[in-house]
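Text of the file entry-v1.cif, holding mmCIF, C-alpha atoms:
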```cif
data_start
loop_
_atom_site.group_PDB
_atom_site.id
_atom_site.type_symbol
_atom_site.label_atom_id
_atom_site.label_comp_id
_atom_site.auth_asym_id
_atom_site.auth_seq_id
_atom_site.Cartn_x
_atom_site.Cartn_y
_atom_site.Cartn_z
ATOM 1 C CA MET A 12 -21.476 100.512 -114.059
ATOM 2 C CA GLY A 13 -22.089 103.368 -111.636
ATOM 3 C CA SER A 14 -24.261 102.698 -108.589
ATOM 4 C CA THR A 15 -25.987 104.968 -106.196
ATOM 5 C CA VAL A 16 -24.589 105.424 -102.711
ATOM 6 C CA THR A 17 -27.686 103.792 -101.235
ATOM 7 C CA HIS A 18 -27.133 100.631 -103.317
ATOM 8 C CA ARG A 19 -23.504 100.296 -102.311
ATOM 9 C CA VAL A 20 -24.096 100.869 -98.632
ATOM 10 C CA THR A 21 -26.978 98.385 -98.508
ATOM 11 C CA LEU A 22 -25.441 95.521 -100.477
ATOM 12 C CA ILE A 23 -21.743 95.883 -99.688
ATOM 13 C CA ASP A 24 -20.176 92.776 -98.196
ATOM 14 C CA VAL A 25 -17.932 94.159 -95.487
ATOM 15 C CA VAL A 26 -15.493 92.124 -93.481
ATOM 16 C CA GLU A 27 -16.806 91.576 -89.963
ATOM 17 C CA ASP A 28 -15.097 92.648 -86.807
ATOM 18 C CA ARG A 29 -12.424 90.246 -85.557
ATOM 19 C CA GLY A 30 -13.352 91.052 -81.949
ATOM 20 C CA PRO A 31 -16.432 90.053 -79.924
ATOM 21 C CA LYS A 32 -19.592 89.497 -81.906
ATOM 22 C CA LEU A 33 -21.470 92.763 -82.479
ATOM 23 C CA ARG A 34 -25.196 93.246 -82.039
ATOM 24 C CA ALA A 35 -27.071 93.333 -85.335
ATOM 25 C CA ASP A 36 -27.665 97.091 -85.197
ATOM 26 C CA ALA A 37 -24.039 97.806 -84.253
ATOM 27 C CA ARG A 38 -22.822 95.577 -87.076
ATOM 28 C CA ARG A 39 -25.055 97.383 -89.573
ATOM 29 C CA ASN A 40 -23.694 100.731 -88.407
ATOM 30 C CA ARG A 41 -20.139 99.445 -88.771
ATOM 31 C CA GLU A 42 -20.829 98.205 -92.299
ATOM 32 C CA ARG A 43 -22.433 101.516 -93.279
ATOM 33 C CA ILE A 44 -19.432 103.434 -91.947
ATOM 34 C CA ILE A 45 -16.915 101.287 -93.863
ATOM 35 C CA ALA A 46 -18.968 101.520 -97.057
ATOM 36 C CA ALA A 47 -19.384 105.278 -96.760
ATOM 37 C CA ALA A 48 -15.685 105.765 -96.003
ATOM 38 C CA ARG A 49 -14.682 103.792 -99.110
ATOM 39 C CA GLU A 50 -16.942 105.904 -101.292
ATOM 40 C CA MET A 51 -15.598 109.140 -99.852
ATOM 41 C CA TYR A 52 -11.948 108.048 -100.092
ATOM 42 C CA VAL A 53 -12.549 107.322 -103.778
ATOM 43 C CA GLU A 54 -14.268 110.646 -104.346
ATOM 44 C CA HIS A 55 -12.119 112.946 -102.203
ATOM 45 C CA GLY A 56 -8.913 111.170 -101.124
ATOM 46 C CA ALA A 57 -7.548 110.043 -97.768
ATOM 47 C CA GLU A 58 -8.082 113.317 -95.875
ATOM 48 C CA VAL A 59 -11.873 113.073 -95.614
ATOM 49 C CA PRO A 60 -13.049 114.438 -92.212
ATOM 50 C CA PHE A 61 -14.589 111.897 -89.846
ATOM 51 C CA ASP A 62 -17.762 113.938 -89.471
ATOM 52 C CA GLU A 63 -18.297 113.807 -93.260
ATOM 53 C CA VAL A 64 -17.945 110.016 -93.208
ATOM 54 C CA ALA A 65 -20.455 109.828 -90.348
ATOM 55 C CA ARG A 66 -22.878 112.048 -92.256
ATOM 56 C CA ARG A 67 -22.620 109.888 -95.402
ATOM 57 C CA ALA A 68 -23.144 106.735 -93.338
ATOM 58 C CA GLY A 69 -26.162 108.209 -91.542
ATOM 59 C CA VAL A 70 -24.684 107.807 -88.046
ATOM 60 C CA GLY A 71 -23.520 110.220 -85.360
ATOM 61 C CA ASN A 72 -19.873 111.061 -84.728
ATOM 62 C CA ALA A 73 -19.983 109.220 -81.405
ATOM 63 C CA THR A 74 -21.065 106.032 -83.179
ATOM 64 C CA LEU A 75 -18.198 106.331 -85.644
ATOM 65 C CA TYR A 76 -15.629 106.795 -82.860
ATOM 66 C CA ARG A 77 -17.034 103.822 -80.933
ATOM 67 C CA HIS A 78 -16.128 101.613 -83.896
ATOM 68 C CA PHE A 79 -12.952 103.314 -85.126
ATOM 69 C CA ALA A 80 -10.592 105.138 -82.794
ATOM 70 C CA ASP A 81 -8.696 106.952 -85.544
ATOM 71 C CA ARG A 82 -8.282 107.463 -89.286
ATOM 72 C CA GLY A 83 -5.756 104.638 -89.600
ATOM 73 C CA GLU A 84 -8.084 102.037 -88.111
ATOM 74 C CA LEU A 85 -10.932 103.025 -90.437
ATOM 75 C CA ALA A 86 -8.670 103.031 -93.494
ATOM 76 C CA HIS A 87 -7.347 99.604 -92.507
ATOM 77 C CA ARG A 88 -10.870 98.176 -92.461
ATOM 78 C CA VAL A 89 -11.728 99.808 -95.789
ATOM 79 C CA ILE A 90 -8.670 98.332 -97.511
ATOM 80 C CA LEU A 91 -9.239 94.932 -95.934
ATOM 81 C CA SER A 92 -12.882 94.858 -96.997
ATOM 82 C CA VAL A 93 -11.983 95.795 -100.588
ATOM 83 C CA LEU A 94 -9.247 93.147 -100.843
ATOM 84 C CA GLU A 95 -11.508 90.448 -99.456
ATOM 85 C CA ARG A 96 -14.468 91.484 -101.599
ATOM 86 C CA ILE A 97 -12.627 91.475 -104.937
ATOM 87 C CA THR A 98 -10.924 88.179 -104.074
ATOM 88 C CA GLU A 99 -14.254 86.574 -103.184
ATOM 89 C CA HIS A 100 -15.677 87.873 -106.470
ATOM 90 C CA GLY A 101 -12.782 86.270 -108.341
ATOM 91 C CA GLU A 102 -13.150 82.988 -106.453
ATOM 92 C CA ARG A 103 -16.859 82.843 -107.336
ATOM 93 C CA ALA A 104 -16.007 83.560 -110.966
ATOM 94 C CA ALA A 105 -13.366 80.811 -110.968
ATOM 95 C CA ALA A 106 -15.976 78.326 -109.694
ATOM 96 C CA GLU A 107 -18.681 79.444 -112.137
ATOM 97 C CA GLU A 108 -16.801 79.989 -115.408
ATOM 98 C CA SER A 109 -15.575 77.205 -117.671
ATOM 99 C CA ARG A 110 -12.742 79.409 -118.957
ATOM 100 C CA ALA A 111 -10.201 80.856 -116.560
ATOM 101 C CA PHE A 112 -9.712 83.952 -118.718
ATOM 102 C CA THR A 113 -13.405 84.803 -118.339
ATOM 103 C CA ALA A 114 -13.038 84.505 -114.558
ATOM 104 C CA LEU A 115 -9.906 86.683 -114.724
ATOM 105 C CA ARG A 116 -11.865 89.291 -116.654
ATOM 106 C CA ARG A 117 -14.587 89.274 -113.978
ATOM 107 C CA PHE A 118 -11.974 89.706 -111.259
ATOM 108 C CA ALA A 119 -10.408 92.630 -113.128
ATOM 109 C CA HIS A 120 -13.759 94.374 -113.525
ATOM 110 C CA ALA A 121 -14.548 93.852 -109.818
ATOM 111 C CA ALA A 122 -11.218 95.465 -108.885
ATOM 112 C CA THR A 123 -11.948 98.310 -111.277
ATOM 113 C CA GLU A 124 -15.412 98.832 -109.797
ATOM 114 C CA GLU A 125 -13.799 99.221 -106.366
ATOM 115 C CA ARG A 126 -11.501 101.943 -107.802
ATOM 116 C CA ILE A 127 -8.412 100.391 -106.252
ATOM 117 C CA GLY A 128 -6.164 103.028 -107.791
ATOM 118 C CA ALA A 129 -7.942 105.764 -105.863
ATOM 119 C CA LEU A 130 -7.365 103.870 -102.616
ATOM 120 C CA CYS A 131 -3.591 103.604 -103.053
ATOM 121 C CA THR A 132 -3.005 106.745 -101.006
ATOM 122 C CA LEU A 133 -4.473 104.956 -97.976
ATOM 123 C CA MET A 134 -1.847 102.241 -98.271
ATOM 124 C CA SER A 135 0.976 104.722 -98.680
ATOM 125 C CA ASP A 136 -0.092 107.231 -96.036
ATOM 126 C CA ILE A 137 -2.043 105.894 -93.084
ATOM 127 C CA VAL A 138 -2.322 102.094 -93.220
ATOM 128 C CA ASP A 139 0.195 99.630 -91.769
ATOM 129 C CA LYS A 140 1.010 97.526 -94.829
ATOM 130 C CA ALA A 141 2.717 94.903 -92.658
ATOM 131 C CA HIS A 142 -0.412 94.201 -90.593
ATOM 132 C CA PRO A 143 -1.023 90.416 -90.520
ATOM 133 C CA GLU A 144 -4.623 90.784 -91.729
ATOM 134 C CA LEU A 145 -3.564 92.778 -94.776
ATOM 135 C CA ILE A 146 -0.711 90.400 -95.566
ATOM 136 C CA ALA A 147 -3.107 87.446 -95.405
ATOM 137 C CA ALA A 148 -5.651 89.216 -97.632
ATOM 138 C CA ARG A 149 -2.995 90.164 -100.207
ATOM 139 C CA ASN A 150 -1.609 86.619 -100.234
ATOM 140 C CA ARG A 151 -5.074 85.176 -100.791
ATOM 141 C CA MET A 152 -5.625 87.551 -103.729
ATOM 142 C CA GLU A 153 -2.174 86.734 -105.144
ATOM 143 C CA VAL A 154 -2.863 82.986 -105.093
ATOM 144 C CA LEU A 155 -6.154 83.541 -106.921
ATOM 145 C CA VAL A 156 -4.761 85.823 -109.634
ATOM 146 C CA GLU A 157 -1.651 83.691 -110.233
ATOM 147 C CA SER A 158 -3.860 80.614 -110.566
ATOM 148 C CA LEU A 159 -6.269 82.276 -113.010
ATOM 149 C CA MET A 160 -3.404 83.596 -115.118
ATOM 150 C CA ALA A 161 -1.627 80.219 -115.200
ATOM 151 C CA ARG A 162 -4.847 78.495 -116.285
ATOM 152 C CA SER A 163 -5.505 81.201 -118.880
ATOM 153 C CA ARG A 164 -2.052 80.618 -120.380
ATOM 154 C CA ALA A 165 -2.732 76.868 -120.445
ATOM 155 C CA GLU A 166 -5.963 77.617 -122.320
ATOM 156 C CA GLY A 167 -3.947 79.537 -124.913
ATOM 157 C CA LEU A 168 -5.876 82.722 -124.112
ATOM 158 C CA LEU A 169 -3.248 84.801 -122.269
ATOM 159 C CA ARG A 170 0.106 85.928 -123.587
ATOM 160 C CA ALA A 171 3.064 84.473 -121.705
ATOM 161 C CA ASP A 172 4.945 87.711 -120.989
ATOM 162 C CA ILE A 173 2.341 89.204 -118.601
ATOM 163 C CA GLY A 174 2.362 88.626 -114.842
ATOM 164 C CA SER A 175 -0.080 89.281 -112.021
ATOM 165 C CA GLY A 176 1.816 92.442 -111.071
ATOM 166 C CA ASP A 177 1.481 93.779 -114.614
ATOM 167 C CA LEU A 178 -2.279 93.310 -114.439
ATOM 168 C CA LEU A 179 -2.651 94.930 -110.997
ATOM 169 C CA VAL A 180 -0.534 97.938 -111.997
ATOM 170 C CA ALA A 181 -2.637 98.402 -115.142
ATOM 171 C CA ILE A 182 -5.906 98.297 -113.156
ATOM 172 C CA THR A 183 -4.450 100.717 -110.614
ATOM 173 C CA GLN A 184 -3.480 103.142 -113.362
ATOM 174 C CA LEU A 185 -6.937 102.896 -114.941
ATOM 175 C CA THR A 186 -8.646 103.718 -111.658
ATOM 176 C CA ARG A 187 -6.482 106.577 -110.426
ATOM 177 C CA PRO A 188 -8.178 109.991 -110.315
ATOM 178 C CA LEU A 189 -7.392 112.118 -113.350
ATOM 179 C CA PRO A 190 -6.033 115.615 -112.573
ATOM 180 C CA GLY A 191 -8.709 118.271 -112.805
ATOM 181 C CA MET A 192 -11.590 115.814 -113.169
ATOM 182 C CA GLY A 193 -12.938 115.814 -109.604
ATOM 183 C CA GLY A 194 -11.688 112.423 -108.463
ATOM 184 C CA CYS A 195 -12.709 109.051 -109.845
ATOM 185 C CA VAL A 196 -16.401 109.830 -110.237
ATOM 186 C CA ALA A 197 -15.788 111.655 -113.524
ATOM 187 C CA ASN A 198 -13.673 108.666 -114.601
ATOM 188 C CA ASP A 199 -16.352 106.013 -114.093
ATOM 189 C CA ARG A 200 -17.669 105.893 -117.645
ATOM 190 C CA PHE A 201 -14.185 105.244 -119.071
ATOM 191 C CA ALA A 202 -12.623 102.741 -116.665
ATOM 192 C CA HIS A 203 -14.521 99.572 -117.607
ATOM 193 C CA ARG A 204 -14.426 100.410 -121.317
ATOM 194 C CA HIS A 205 -10.652 100.904 -121.243
ATOM 195 C CA LEU A 206 -10.192 97.783 -119.128
ATOM 196 C CA ASP A 207 -11.848 95.671 -121.827
ATOM 197 C CA VAL A 208 -9.478 97.192 -124.405
ATOM 198 C CA LEU A 209 -6.562 96.252 -122.130
ATOM 199 C CA LEU A 210 -7.808 92.698 -121.521
ATOM 200 C CA ASP A 211 -8.358 92.099 -125.225
ATOM 201 C CA GLY A 212 -4.775 93.257 -125.764
ATOM 202 C CA LEU A 213 -3.584 90.503 -123.440
ATOM 203 C CA ARG A 214 -5.131 87.960 -125.809
ATOM 204 C CA VAL A 215 -3.393 89.128 -129.005
ATOM 205 C CA PRO A 216 -2.072 85.995 -130.765
ATOM 206 C CA ASP A 217 0.973 87.778 -132.224
ATOM 207 C CA PRO A 218 1.830 90.429 -129.619
ATOM 208 C CA THR A 219 4.532 93.066 -129.747
ATOM 209 C CA PRO A 220 7.439 91.938 -127.522
ATOM 210 C CA LEU A 221 7.423 93.826 -124.231
ATOM 211 C CA PRO A 222 10.489 95.484 -122.694
ATOM 212 C CA GLY A 223 11.582 94.300 -119.263
ATOM 213 C CA ALA A 224 10.635 91.194 -117.340
ATOM 214 C CA VAL A 225 7.296 89.706 -116.310
ATOM 215 C CA VAL A 226 6.165 91.285 -113.016
ATOM 216 C CA SER A 227 4.329 89.370 -110.299
ATOM 217 C CA ILE A 228 2.420 90.750 -107.311
ATOM 218 C CA ARG A 229 5.313 89.623 -105.086
ATOM 219 C CA ASP A 230 7.721 91.609 -107.298
ATOM 220 C CA LEU A 231 5.601 94.721 -106.705
ATOM 221 C CA GLU A 232 5.811 94.218 -102.933
ATOM 222 C CA ASN A 233 9.588 93.914 -103.147
ATOM 223 C CA LEU A 234 9.837 97.064 -105.267
ATOM 224 C CA LYS A 235 7.799 98.978 -102.681
ATOM 225 C CA LYS A 236 10.095 97.775 -99.896
ATOM 226 C CA GLU A 237 13.172 98.831 -101.864
ATOM 227 C CA GLY A 238 11.682 102.286 -102.444
ATOM 228 C CA GLU A 239 10.838 102.716 -98.785
ATOM 229 C CA ALA A 240 14.364 101.648 -97.756
ATOM 230 C CA ARG A 241 16.069 104.289 -99.900
ATOM 231 C CA PRO A 242 17.206 107.331 -97.906
ATOM 232 C CA THR A 243 15.293 110.512 -98.717
ATOM 233 C CA ARG A 244 17.153 113.595 -99.817
ATOM 234 C CA SER A 245 17.066 116.496 -97.406
#
```
As structure tokens, how would this structure be written, given the file I've shared?
Amino acid sequence: MGSTVTHRVTLIDVVEDRGPKLRADARRNRERIIAAAREMYVEHGAEVPFDEVARRAGVGNATLYRHFADRGELAHRVILSVLERITEHGERAAAEESRAFTALRRFAHAATEERIGALCTLMSDIVDKAHPELIAARNRMEVLVESLMARSRAEGLLRADIGSGDLLVAITQLTRPLPGMGGCVANDRFAHRHLDVLLDGLRVPDPTPLPGAVVSIRDLENLKKEGEARPTRS
């Protein structure tokens, strides 16, 4: 499942700038920067220096700053590109597969390949979660996953007590860096294997009853808002 940096940077489908149309060379530089930043966030966390991102992308620091004024703007584009990419992957799978559960499995593996758990620190630290672009991207992903899960239940292939939030939390946990293992890179050979174990568990015909209620993606958003609203102890 692992890919070289060159492969990812060349083939990555990055969301285009919402501003004026960029020249082809400027657009390629922008895409390389976003791809390189995602890789480095996964490997080293949110505090990667800008000059290291520029070096990985093969551009100068001035080029990076022309496209992204600060760390928050770059992180925003990385998160947006990942959300849009995994949703597009799931939408293609939904159109191509005769069984919704197979499409759901493809979506889950695409999210795992992006190492979404390793990118959570960007959302919690330096990205505006209420930005309209991110809200729209999350809503689009939510509609897709809820639809695939509803169809999978109708097919008799998905247990009824699992929601979209349960699935996203599980993928996030699978793709978080393990302590003392040098980030997610050392985790790569386990994540997809363990995901298949998890997905097969969702198909058990006589499952163990789960504690608590079914959790949707919207429930997760509400839980985050509640946590952020709680006063911190001094």
Distance of CA of Lys235 (chain A) from CA of Pro222 (chain A), expressed in Å to one decimal place: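 About the pair CA of Pro222 (chain A) and CA of Lys235 (chain A): they are 20.5 Å apart.
Picked out by the PyMOL selection byres ((chain A and resi 149) around 10) when it runs on this file: Leu91, Leu94, Glu95, Thr98, Lys140, Pro143, Glu144, Leu145, Ile146, Ala147, Ala148, Asn150, Arg151, Met152, Glu153, Val154, Leu155, Ile228 and Arg229 of chain A.
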Distance in Å - CA of Ser227 (chain A) versus CA of His55 (chain A):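 Computed distance, CA of Ser227 (chain A) to CA of His55 (chain A), equals 29.9 Å.
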Residue among A:Phe201, A:Asp211, A:Ile173, A:Ala141 lying closest to Lys236 (chain A), counting all atoms listed in the file: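 Of all the options, A:Ala141 lies closest to Lys236 (chain A).
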Atomic distance CA of His142 (chain A) - CA of Ala224 (chain A), expressed in Å with one decimal: 29.1 Å
Ground truth for the PyMOL selection byres ((chain A and resi 75-88) around 10), written as a ChimeraX atom specification: /A:25-28,37-38,40-46,48-49,52,57-62,64-66,68,70-74,89-94,130,133-134,136-140,142,144-145
In the coordinates of the file, take the point (-10.3, 83.7, -120.8) and a cut-off of 12 Å; then, counting all atoms listed in the file, name each qualifying protein, DNA or RNA residue as a JSON list (two decimals) with C-alpha atoms, in the coordinates of the input.
```
[["chain", "number", "residue", "atom", "x", "y", "z"],
["A", 104, "ALA", "CA", -16.01, 83.56, -110.97],
["A", 105, "ALA", "CA", -13.37, 80.81, -110.97],
["A", 108, "GLU", "CA", -16.80, 79.99, -115.41],
["A", 109, "SER", "CA", -15.58, 77.20, -117.67],
["A", 110, "ARG", "CA", -12.74, 79.41, -118.96],
["A", 111, "ALA", "CA", -10.20, 80.86, -116.56],
["A", 112, "PHE", "CA", -9.71, 83.95, -118.72],
["A", 113, "THR", "CA", -13.40, 84.80, -118.34],
["A", 114, "ALA", "CA", -13.04, 84.50, -114.56],
["A", 115, "LEU", "CA", -9.91, 86.68, -114.72],
["A", 116, "ARG", "CA", -11.86, 89.29, -116.65],
["A", 117, "ARG", "CA", -14.59, 89.27, -113.98],
["A", 118, "PHE", "CA", -11.97, 89.71, -111.26],
["A", 119, "ALA", "CA", -10.41, 92.63, -113.13],
["A", 159, "LEU", "CA", -6.27, 82.28, -113.01],
["A", 160, "MET", "CA", -3.40, 83.60, -115.12],
["A", 161, "ALA", "CA", -1.63, 80.22, -115.20],
["A", 162, "ARG", "CA", -4.85, 78.50, -116.28],
["A", 163, "SER", "CA", -5.50, 81.20, -118.88],
["A", 164, "ARG", "CA", -2.05, 80.62, -120.38],
["A", 165, "ALA", "CA", -2.73, 76.87, -120.44],
["A", 166, "GLU", "CA", -5.96, 77.62, -122.32],
["A", 167, "GLY", "CA", -3.95, 79.54, -124.91],
["A", 168, "LEU", "CA", -5.88, 82.72, -124.11],
["A", 169, "LEU", "CA", -3.25, 84.80, -122.27],
["A", 170, "ARG", "CA", 0.11, 85.93, -123.59],
["A", 210, "LEU", "CA", -7.81, 92.70, -121.52],
["A", 211, "ASP", "CA", -8.36, 92.10, -125.22],
["A", 213, "LEU", "CA", -3.58, 90.50, -123.44],
["A", 214, "ARG", "CA", -5.13, 87.96, -125.81]]
```
Shell around Gly223 (chain A) at 12 Å using all atoms listed in the file, local window under 6 positions removed, as a ChimeraX atom specification: /A:172-174,177
Near Glu125 (chain A), within 8 Å and counting only C-alpha atoms, which residues show up once chain neighbours fewer than 3 positions away are dropped, as a PDB file with C-alpha atoms, in the frame of the given file?
```
ATOM      1  CA  VAL A  93     -11.983  95.795-100.588  1.00  0.00           C
ATOM      2  CA  ILE A  97     -12.627  91.475-104.937  1.00  0.00           C
ATOM      3  CA  ALA A 121     -14.548  93.852-109.818  1.00  0.00           C
ATOM      4  CA  ALA A 122     -11.218  95.465-108.885  1.00  0.00           C
TER       5      ALA A 122
END
```
Non-local contacts of Thr186 (chain A) (8 Å; all atoms listed in the file; under 2 positions in same chain excluded) as a ChimeraX atom specification: /A:123,126-129,182-184,188,195,198,202
Adding 4 Å on each side of the box along x, y and z that holds all listed atoms of region 64-74 of chain A, could you give its centre and edge lengths in Å to one decimal, as AutoDock Vina command-line options?
```
--center_x -22.1 --center_y 109.0 --center_z -88.4 --size_x 16.2 --size_y 14.0 --size_z 22.0
```
Which residue of A:Ala181, A:Gly69, A:Gly238, A:Val156 approaches Asp207 (chain A) most closely, using only C-alpha atoms: A:Ala181
Would you save region 40-87 of chain A from the block above with C-alpha atoms, as a PDB file, in the first residue's frame?
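Written output follows (decode.pdb):
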```
ATOM      1  CA  ASN A  40       3.986  24.167  -7.941  1.00  0.00           C
ATOM      2  CA  ARG A  41       0.911  24.664  -5.768  1.00  0.00           C
ATOM      3  CA  GLU A  42      -0.081  21.013  -6.143  1.00  0.00           C
ATOM      4  CA  ARG A  43       3.444  19.842  -5.305  1.00  0.00           C
ATOM      5  CA  ILE A  44       3.490  22.016  -2.185  1.00  0.00           C
ATOM      6  CA  ILE A  45       0.127  20.698  -0.934  1.00  0.00           C
ATOM      7  CA  ALA A  46       1.141  17.099  -1.637  1.00  0.00           C
ATOM      8  CA  ALA A  47       4.502  17.495   0.074  1.00  0.00           C
ATOM      9  CA  ALA A  48       2.921  19.213   3.082  1.00  0.00           C
ATOM     10  CA  ARG A  49       0.425  16.364   3.529  1.00  0.00           C
ATOM     11  CA  GLU A  50       3.205  13.796   3.469  1.00  0.00           C
ATOM     12  CA  MET A  51       5.272  15.720   5.996  1.00  0.00           C
ATOM     13  CA  TYR A  52       2.316  16.372   8.321  1.00  0.00           C
ATOM     14  CA  VAL A  53       1.682  12.620   8.347  1.00  0.00           C
ATOM     15  CA  GLU A  54       5.323  11.819   8.998  1.00  0.00           C
ATOM     16  CA  HIS A  55       6.240  14.576  11.461  1.00  0.00           C
ATOM     17  CA  GLY A  56       3.100  16.345  12.728  1.00  0.00           C
ATOM     18  CA  ALA A  57       1.747  19.869  12.346  1.00  0.00           C
ATOM     19  CA  GLU A  58       4.934  21.744  13.299  1.00  0.00           C
ATOM     20  CA  VAL A  59       6.868  20.998  10.105  1.00  0.00           C
ATOM     21  CA  PRO A  60       8.990  24.052   9.107  1.00  0.00           C
ATOM     22  CA  PHE A  61       7.987  25.787   5.880  1.00  0.00           C
ATOM     23  CA  ASP A  62      11.474  25.443   4.431  1.00  0.00           C
ATOM     24  CA  GLU A  63      11.284  21.644   4.867  1.00  0.00           C
ATOM     25  CA  VAL A  64       7.966  21.567   3.000  1.00  0.00           C
ATOM     26  CA  ALA A  65       9.494  23.662   0.210  1.00  0.00           C
ATOM     27  CA  ARG A  66      12.482  21.322   0.014  1.00  0.00           C
ATOM     28  CA  ARG A  67      10.241  18.231  -0.222  1.00  0.00           C
ATOM     29  CA  ALA A  68       8.139  19.902  -2.917  1.00  0.00           C
ATOM     30  CA  GLY A  69      11.214  20.936  -4.912  1.00  0.00           C
ATOM     31  CA  VAL A  70      10.411  24.667  -4.832  1.00  0.00           C
ATOM     32  CA  GLY A  71      12.022  27.698  -3.218  1.00  0.00           C
ATOM     33  CA  ASN A  72      10.751  29.302  -0.021  1.00  0.00           C
ATOM     34  CA  ALA A  73       9.626  32.371  -1.961  1.00  0.00           C
ATOM     35  CA  THR A  74       7.420  30.196  -4.171  1.00  0.00           C
ATOM     36  CA  LEU A  75       5.825  28.580  -1.133  1.00  0.00           C
ATOM     37  CA  TYR A  76       5.058  31.957   0.471  1.00  0.00           C
ATOM     38  CA  ARG A  77       3.580  33.279  -2.785  1.00  0.00           C
ATOM     39  CA  HIS A  78       0.957  30.529  -2.583  1.00  0.00           C
ATOM     40  CA  PHE A  79       0.470  30.266   1.184  1.00  0.00           C
ATOM     41  CA  ALA A  80       0.896  33.232   3.498  1.00  0.00           C
ATOM     42  CA  ASP A  81       1.061  31.177   6.692  1.00  0.00           C
ATOM     43  CA  ARG A  82       0.877  27.707   8.228  1.00  0.00           C
ATOM     44  CA  GLY A  83      -2.890  27.895   8.711  1.00  0.00           C
ATOM     45  CA  GLU A  84      -3.591  28.577   5.044  1.00  0.00           C
ATOM     46  CA  LEU A  85      -1.424  25.653   3.923  1.00  0.00           C
ATOM     47  CA  ALA A  86      -2.985  23.293   6.465  1.00  0.00           C
ATOM     48  CA  HIS A  87      -6.449  24.389   5.339  1.00  0.00           C
TER      49      HIS A  87
END
```
